[in-house]
Amino acid sequence: MKIRYFAWVRERIGRAEEEIALPDEVRTVAGLVSFLKTQGPEYETAFAREGVVRAAIDRVHVKPDAVISSAKEIAFFPPMTGG
Amino acid sequence: MAVRLQTERFETGAEIVRLTSGRTDVGAAVSFTGLCRADGETGTISAMELEHFPGMAEEELSRLEAEARKRWPLLDILIVHRYGRLVPGDEIVLVVTLSAHRQAAFEAANFVMDALKTSAPFWKKEERADGTSWVEAKDSDERARNRW
């Protein structure tokens with residue numbers, strides 16, 4: 001699974017994207033966040049504030065309960081501040 | 001598709017002239033130009049780095065354009081958003097809406113800006129003399145989005 005990070009999520013994790021082999025039990029965005037938080041302190045820091053980090057599956061905004069099984073790419077980022 | 005992402009500056013007046021030139025059906029052209037202020041969200045700033053999610057940013061703005069066209073009788077709409085390094089005085093974003101009458105053009109431009117703030121994947125990092133900080137999203141932006 002290709003995972004991408006933007007803005008301060010990218011800075012805290014220390015990379016813009018990576019390929020991660022996910023265990024079968026990781027089925028939703030929330031499950032993926034829980035799994036990533038076990039991968040190191042940089043992930044724990046990035047996802048520390050519950051519910052702050054947003055997600056997109058294949059470039060479409062999704063909620064934490066979204067199923068990720070058919071996703072090509074999942075992106076994590078802070079709330080948007082454009083405009 | 002009337003959505004553009006670019007690093008270059010743009011001229012609001014020139015964009016409106018280009019959109020309306022040769023047309024006789026336009027009764028209202030409303031534009032909003034967002035500018036980079038020196039008095040930033042985190043203090044006095046020297047510059048701002050505007051990060052975006054390539055691909056998703058265009059798609060999200062196109063979705064907003066389609067929604068605006070569905071909700072109001074627009075003759076045309078243009079959304080331009082810059083990314084990269086901007087300095088105070090620089091343009092950040094432009095929304096132009098054209099319609100036969102002003103109310104649709106005003107409302108559609110207002111809607112696009114409110115929706116863009118909370119859904120288009122752009123993030124601002126401000127540069128000050130004492131360091132850099134990411135701009136935090138405002139709850140008021142979420143409330144503004146929800147009124148539509």
# chains A, B, ... in the order shown; residues from 1 in each chain; ligands from 1
$ interface_residues --of "chain B" --to "chain A" --cutoff "8 Å" --atoms "only C-alpha atoms" --output "PDB file with N, CA, C and O atoms, in the first residue's frame"
ATOM      1  N   GLY B  34      -7.581  36.542  -3.117  1.00  0.00           N
ATOM      2  CA  GLY B  34      -6.974  36.383  -1.790  1.00  0.00           C
ATOM      3  C   GLY B  34      -5.500  36.737  -1.886  1.00  0.00           C
ATOM      4  O   GLY B  34      -4.802  36.278  -2.783  1.00  0.00           O
ATOM      5  N   LEU B  50       3.433  27.582   0.344  1.00  0.00           N
ATOM      6  CA  LEU B  50       2.117  26.986   0.165  1.00  0.00           C
ATOM      7  C   LEU B  50       2.290  25.596  -0.447  1.00  0.00           C
ATOM      8  O   LEU B  50       2.651  25.470  -1.609  1.00  0.00           O
ATOM      9  N   GLU B  51       2.059  24.588   0.396  1.00  0.00           N
ATOM     10  CA  GLU B  51       2.197  23.201  -0.073  1.00  0.00           C
ATOM     11  C   GLU B  51       0.844  22.708  -0.588  1.00  0.00           C
ATOM     12  O   GLU B  51      -0.202  23.113  -0.066  1.00  0.00           O
ATOM     13  N   HIS B  52       0.867  21.859  -1.612  1.00  0.00           N
ATOM     14  CA  HIS B  52      -0.390  21.296  -2.089  1.00  0.00           C
ATOM     15  C   HIS B  52      -0.210  19.819  -2.407  1.00  0.00           C
ATOM     16  O   HIS B  52       0.908  19.307  -2.424  1.00  0.00           O
ATOM     17  N   PHE B  53      -1.339  19.145  -2.599  1.00  0.00           N
ATOM     18  CA  PHE B  53      -1.344  17.722  -2.955  1.00  0.00           C
ATOM     19  C   PHE B  53      -1.605  17.683  -4.463  1.00  0.00           C
ATOM     20  O   PHE B  53      -2.750  17.845  -4.897  1.00  0.00           O
ATOM     21  N   GLY B  55      -2.576  16.852  -8.078  1.00  0.00           N
ATOM     22  CA  GLY B  55      -3.601  15.908  -8.529  1.00  0.00           C
ATOM     23  C   GLY B  55      -4.864  16.079  -7.720  1.00  0.00           C
ATOM     24  O   GLY B  55      -5.894  16.488  -8.249  1.00  0.00           O
ATOM     25  N   MET B  56      -4.785  15.827  -6.429  1.00  0.00           N
ATOM     26  CA  MET B  56      -5.995  15.959  -5.605  1.00  0.00           C
ATOM     27  C   MET B  56      -6.465  17.412  -5.537  1.00  0.00           C
ATOM     28  O   MET B  56      -7.666  17.677  -5.515  1.00  0.00           O
ATOM     29  N   GLU B  59      -8.414  18.122  -8.629  1.00  0.00           N
ATOM     30  CA  GLU B  59      -9.669  17.363  -8.621  1.00  0.00           C
ATOM     31  C   GLU B  59     -10.666  17.967  -7.647  1.00  0.00           C
ATOM     32  O   GLU B  59     -11.863  18.074  -7.939  1.00  0.00           O
ATOM     33  N   GLU B  60     -10.179  18.372  -6.476  1.00  0.00           N
ATOM     34  CA  GLU B  60     -11.070  18.940  -5.461  1.00  0.00           C
ATOM     35  C   GLU B  60     -11.646  20.271  -5.948  1.00  0.00           C
ATOM     36  O   GLU B  60     -12.836  20.542  -5.792  1.00  0.00           O
ATOM     37  N   HIS B  81      -5.395  28.913  -8.135  1.00  0.00           N
ATOM     38  CA  HIS B  81      -4.743  28.832  -6.819  1.00  0.00           C
ATOM     39  C   HIS B  81      -3.247  28.678  -7.042  1.00  0.00           C
ATOM     40  O   HIS B  81      -2.817  27.847  -7.831  1.00  0.00           O
ATOM     41  N   ILE B  92      -2.818  34.890  -3.822  1.00  0.00           N
ATOM     42  CA  ILE B  92      -2.835  33.459  -3.476  1.00  0.00           C
ATOM     43  C   ILE B  92      -3.884  32.729  -4.300  1.00  0.00           C
ATOM     44  O   ILE B  92      -3.633  31.696  -4.881  1.00  0.00           O
ATOM     45  N   VAL B  93      -5.093  33.314  -4.311  1.00  0.00           N
ATOM     46  CA  VAL B  93      -6.219  32.602  -4.926  1.00  0.00           C
ATOM     47  C   VAL B  93      -7.118  33.594  -5.651  1.00  0.00           C
ATOM     48  O   VAL B  93      -7.215  34.762  -5.252  1.00  0.00           O
ATOM     49  N   MET B 113     -15.295  29.947  -2.229  1.00  0.00           N
ATOM     50  CA  MET B 113     -14.238  30.295  -1.272  1.00  0.00           C
ATOM     51  C   MET B 113     -14.423  29.565   0.057  1.00  0.00           C
ATOM     52  O   MET B 113     -13.468  29.032   0.622  1.00  0.00           O
ATOM     53  N   LEU B 116     -13.657  25.858  -0.560  1.00  0.00           N
ATOM     54  CA  LEU B 116     -12.234  25.664  -0.894  1.00  0.00           C
ATOM     55  C   LEU B 116     -11.357  25.641   0.359  1.00  0.00           C
ATOM     56  O   LEU B 116     -10.450  24.825   0.493  1.00  0.00           O
ATOM     57  N   LYS B 117     -11.685  26.524   1.308  1.00  0.00           N
ATOM     58  CA  LYS B 117     -10.885  26.652   2.533  1.00  0.00           C
ATOM     59  C   LYS B 117     -10.812  25.356   3.321  1.00  0.00           C
ATOM     60  O   LYS B 117      -9.816  25.080   3.990  1.00  0.00           O
ATOM     61  N   THR B 118     -11.918  24.581   3.303  1.00  0.00           N
ATOM     62  CA  THR B 118     -11.942  23.382   4.137  1.00  0.00           C
ATOM     63  C   THR B 118     -11.738  22.084   3.356  1.00  0.00           C
ATOM     64  O   THR B 118     -11.566  21.037   3.967  1.00  0.00           O
ATOM     65  N   SER B 119     -11.749  22.146   2.016  1.00  0.00           N
ATOM     66  CA  SER B 119     -11.628  20.870   1.296  1.00  0.00           C
ATOM     67  C   SER B 119     -10.480  20.802   0.294  1.00  0.00           C
ATOM     68  O   SER B 119     -10.052  19.706  -0.066  1.00  0.00           O
ATOM     69  N   ALA B 120      -9.958  21.928  -0.163  1.00  0.00           N
ATOM     70  CA  ALA B 120      -8.871  21.855  -1.143  1.00  0.00           C
ATOM     71  C   ALA B 120      -7.548  21.628  -0.397  1.00  0.00           C
ATOM     72  O   ALA B 120      -7.233  22.341   0.550  1.00  0.00           O
ATOM     73  N   PRO B 121      -6.791  20.610  -0.820  1.00  0.00           N
ATOM     74  CA  PRO B 121      -5.585  20.226  -0.068  1.00  0.00           C
ATOM     75  C   PRO B 121      -4.398  21.166  -0.295  1.00  0.00           C
ATOM     76  O   PRO B 121      -3.504  20.901  -1.090  1.00  0.00           O
ATOM     77  N   PHE B 122      -4.436  22.281   0.446  1.00  0.00           N
ATOM     78  CA  PHE B 122      -3.348  23.255   0.479  1.00  0.00           C
ATOM     79  C   PHE B 122      -3.020  23.530   1.946  1.00  0.00           C
ATOM     80  O   PHE B 122      -3.930  23.560   2.787  1.00  0.00           O
ATOM     81  N   TRP B 123      -1.743  23.747   2.225  1.00  0.00           N
ATOM     82  CA  TRP B 123      -1.328  24.041   3.609  1.00  0.00           C
ATOM     83  C   TRP B 123      -0.314  25.171   3.587  1.00  0.00           C
ATOM     84  O   TRP B 123       0.609  25.183   2.766  1.00  0.00           O
ATOM     85  N   LYS B 124      -0.490  26.121   4.528  1.00  0.00           N
ATOM     86  CA  LYS B 124       0.387  27.295   4.581  1.00  0.00           C
ATOM     87  C   LYS B 124       1.406  27.167   5.700  1.00  0.00           C
ATOM     88  O   LYS B 124       1.048  26.877   6.845  1.00  0.00           O
ATOM     89  N   TRP B 134       3.443  26.206  10.796  1.00  0.00           N
ATOM     90  CA  TRP B 134       2.289  25.873   9.960  1.00  0.00           C
ATOM     91  C   TRP B 134       1.083  26.642  10.478  1.00  0.00           C
ATOM     92  O   TRP B 134       0.876  26.736  11.689  1.00  0.00           O
ATOM     93  N   VAL B 135       0.297  27.158   9.557  1.00  0.00           N
ATOM     94  CA  VAL B 135      -0.941  27.838   9.928  1.00  0.00           C
ATOM     95  C   VAL B 135      -1.961  26.771  10.325  1.00  0.00           C
ATOM     96  O   VAL B 135      -2.106  25.756   9.648  1.00  0.00           O
ATOM     97  N   GLU B 136      -2.647  27.003  11.434  1.00  0.00           N
ATOM     98  CA  GLU B 136      -3.670  26.050  11.886  1.00  0.00           C
ATOM     99  C   GLU B 136      -5.019  26.378  11.271  1.00  0.00           C
ATOM    100  O   GLU B 136      -5.371  27.554  11.120  1.00  0.00           O
ATOM    101  N   ALA B 137      -5.771  25.336  10.954  1.00  0.00           N
ATOM    102  CA  ALA B 137      -7.115  25.540  10.405  1.00  0.00           C
ATOM    103  C   ALA B 137      -8.002  26.169  11.476  1.00  0.00           C
ATOM    104  O   ALA B 137      -7.831  25.915  12.661  1.00  0.00           O
TER     105      ALA B 137
END
$ select_by_dssp --residues "chain A" --states "alpha helix (DSSP H)" --output "PyMOL selection string"
chain A and resi 7-13+29-36+41-46
$ residues_around --residues "Glu18 in chain A" --least-positions-apart "6" --cutoff "12 Å" --atoms "only C-alpha atoms" --output "number ranges by chain"
A: 1-5, 10, 36, 73-76
$ write_last_selection --atoms "N, CA and C atoms" --output "short mmCIF file (atom, residue, chain, number, x, y, z; two decimals), in the first residue's frame"
data_model
loop_
_atom_site.label_atom_id
_atom_site.label_comp_id
_atom_site.auth_asym_id
_atom_site.auth_seq_id
_atom_site.Cartn_x
_atom_site.Cartn_y
_atom_site.Cartn_z
N MET A 1 0.85 -1.20 0.00
CA MET A 1 0.00 0.00 0.00
C MET A 1 0.88 1.24 0.00
N LYS A 2 0.57 2.17 -0.92
CA LYS A 2 1.33 3.41 -0.95
C LYS A 2 0.69 4.42 0.01
N ILE A 3 1.52 4.94 0.90
CA ILE A 3 1.03 5.92 1.86
C ILE A 3 1.77 7.24 1.61
N ARG A 4 1.02 8.35 1.56
CA ARG A 4 1.64 9.66 1.35
C ARG A 4 1.31 10.59 2.52
N TYR A 5 2.25 11.49 2.79
CA TYR A 5 2.07 12.42 3.90
C TYR A 5 2.31 13.84 3.41
N ARG A 10 3.95 15.09 7.16
CA ARG A 10 5.15 14.70 6.41
C ARG A 10 6.42 15.03 7.20
N LEU A 36 0.00 2.28 12.09
CA LEU A 36 1.17 3.15 11.86
C LEU A 36 1.75 3.64 13.19
N GLU A 73 -3.80 4.20 -3.04
CA GLU A 73 -2.97 5.18 -2.35
C GLU A 73 -3.79 5.83 -1.22
N ILE A 74 -3.18 5.94 -0.06
CA ILE A 74 -3.83 6.63 1.06
C ILE A 74 -2.94 7.78 1.49
N ALA A 75 -3.55 8.96 1.64
CA ALA A 75 -2.78 10.15 2.02
C ALA A 75 -3.26 10.65 3.38
N PHE A 76 -2.31 11.11 4.18
CA PHE A 76 -2.62 11.70 5.48
C PHE A 76 -2.11 13.14 5.50
#
$ closest_residue --among "B:Val87, B:Ile79, B:Val112, B:Ala104" --to "Met48 in chain B" --atoms "only C-alpha atoms"
B:Val87
$ closest_residue --among "B:Gly22, B:Val30, B:Glu8, B:Gly43" --to "Lys125 in chain B" --atoms "only C-alpha atoms"
B:Gly43
$ residues_around --residues "Ala66 in chain A" --least-positions-apart "6" --cutoff "9 Å" --atoms "only C-alpha atoms" --output "list in words"
Arg27, Thr28, Val29, Ala30 and Ile57 of chain A
$ write_last_selection --atoms "N, CA, C and O atoms" --output "tab-separated table (two decimals), in the first residue's frame"
chain	number	residue	atom	x	y	z
A	27	ARG	N	-8.16	-2.88	8.14
A	27	ARG	CA	-9.20	-2.79	7.10
A	27	ARG	C	-9.73	-1.37	6.87
A	27	ARG	O	-10.34	-1.11	5.86
A	28	THR	N	-9.55	-0.50	7.84
A	28	THR	CA	-10.10	0.86	7.71
A	28	THR	C	-8.98	1.89	7.90
A	28	THR	O	-7.88	1.56	8.33
A	29	VAL	N	-9.33	3.14	7.60
A	29	VAL	CA	-8.37	4.23	7.80
A	29	VAL	C	-7.97	4.32	9.27
A	29	VAL	O	-6.80	4.45	9.61
A	30	ALA	N	-8.96	4.18	10.17
A	30	ALA	CA	-8.66	4.24	11.61
A	30	ALA	C	-7.73	3.09	12.00
A	30	ALA	O	-6.80	3.26	12.81
A	57	ILE	N	-8.45	8.67	0.32
A	57	ILE	CA	-8.19	7.43	-0.41
A	57	ILE	C	-8.27	7.76	-1.89
A	57	ILE	O	-9.30	8.27	-2.36
$ select_by_dssp --residues "range 5-144 of chain B" --states "strand (DSSP E or B)" --output "ChimeraX atom specification"
/B:5-6,28-35,39-40,43-44,47-52,74-82,84-86,91-99,122-128,131-134
$ closest_residue --among "B:Cys36, B:Lys70, B:Ala144, B:Gly27" --to "Gln103 in chain B" --atoms "only C-alpha atoms"
B:Gly27
$ closest_residue --among "B:Asp90, B:Glu15, B:Glu107, B:Glu127" --to "Thr44 in chain B" --atoms "only C-alpha atoms"
B:Glu127
$ residues_around --residues "Gly89 in chain B" --least-positions-apart "3" --cutoff "9 Å" --atoms "only C-alpha atoms" --output "PyMOL selection string"
chain B and resi 35-38+86
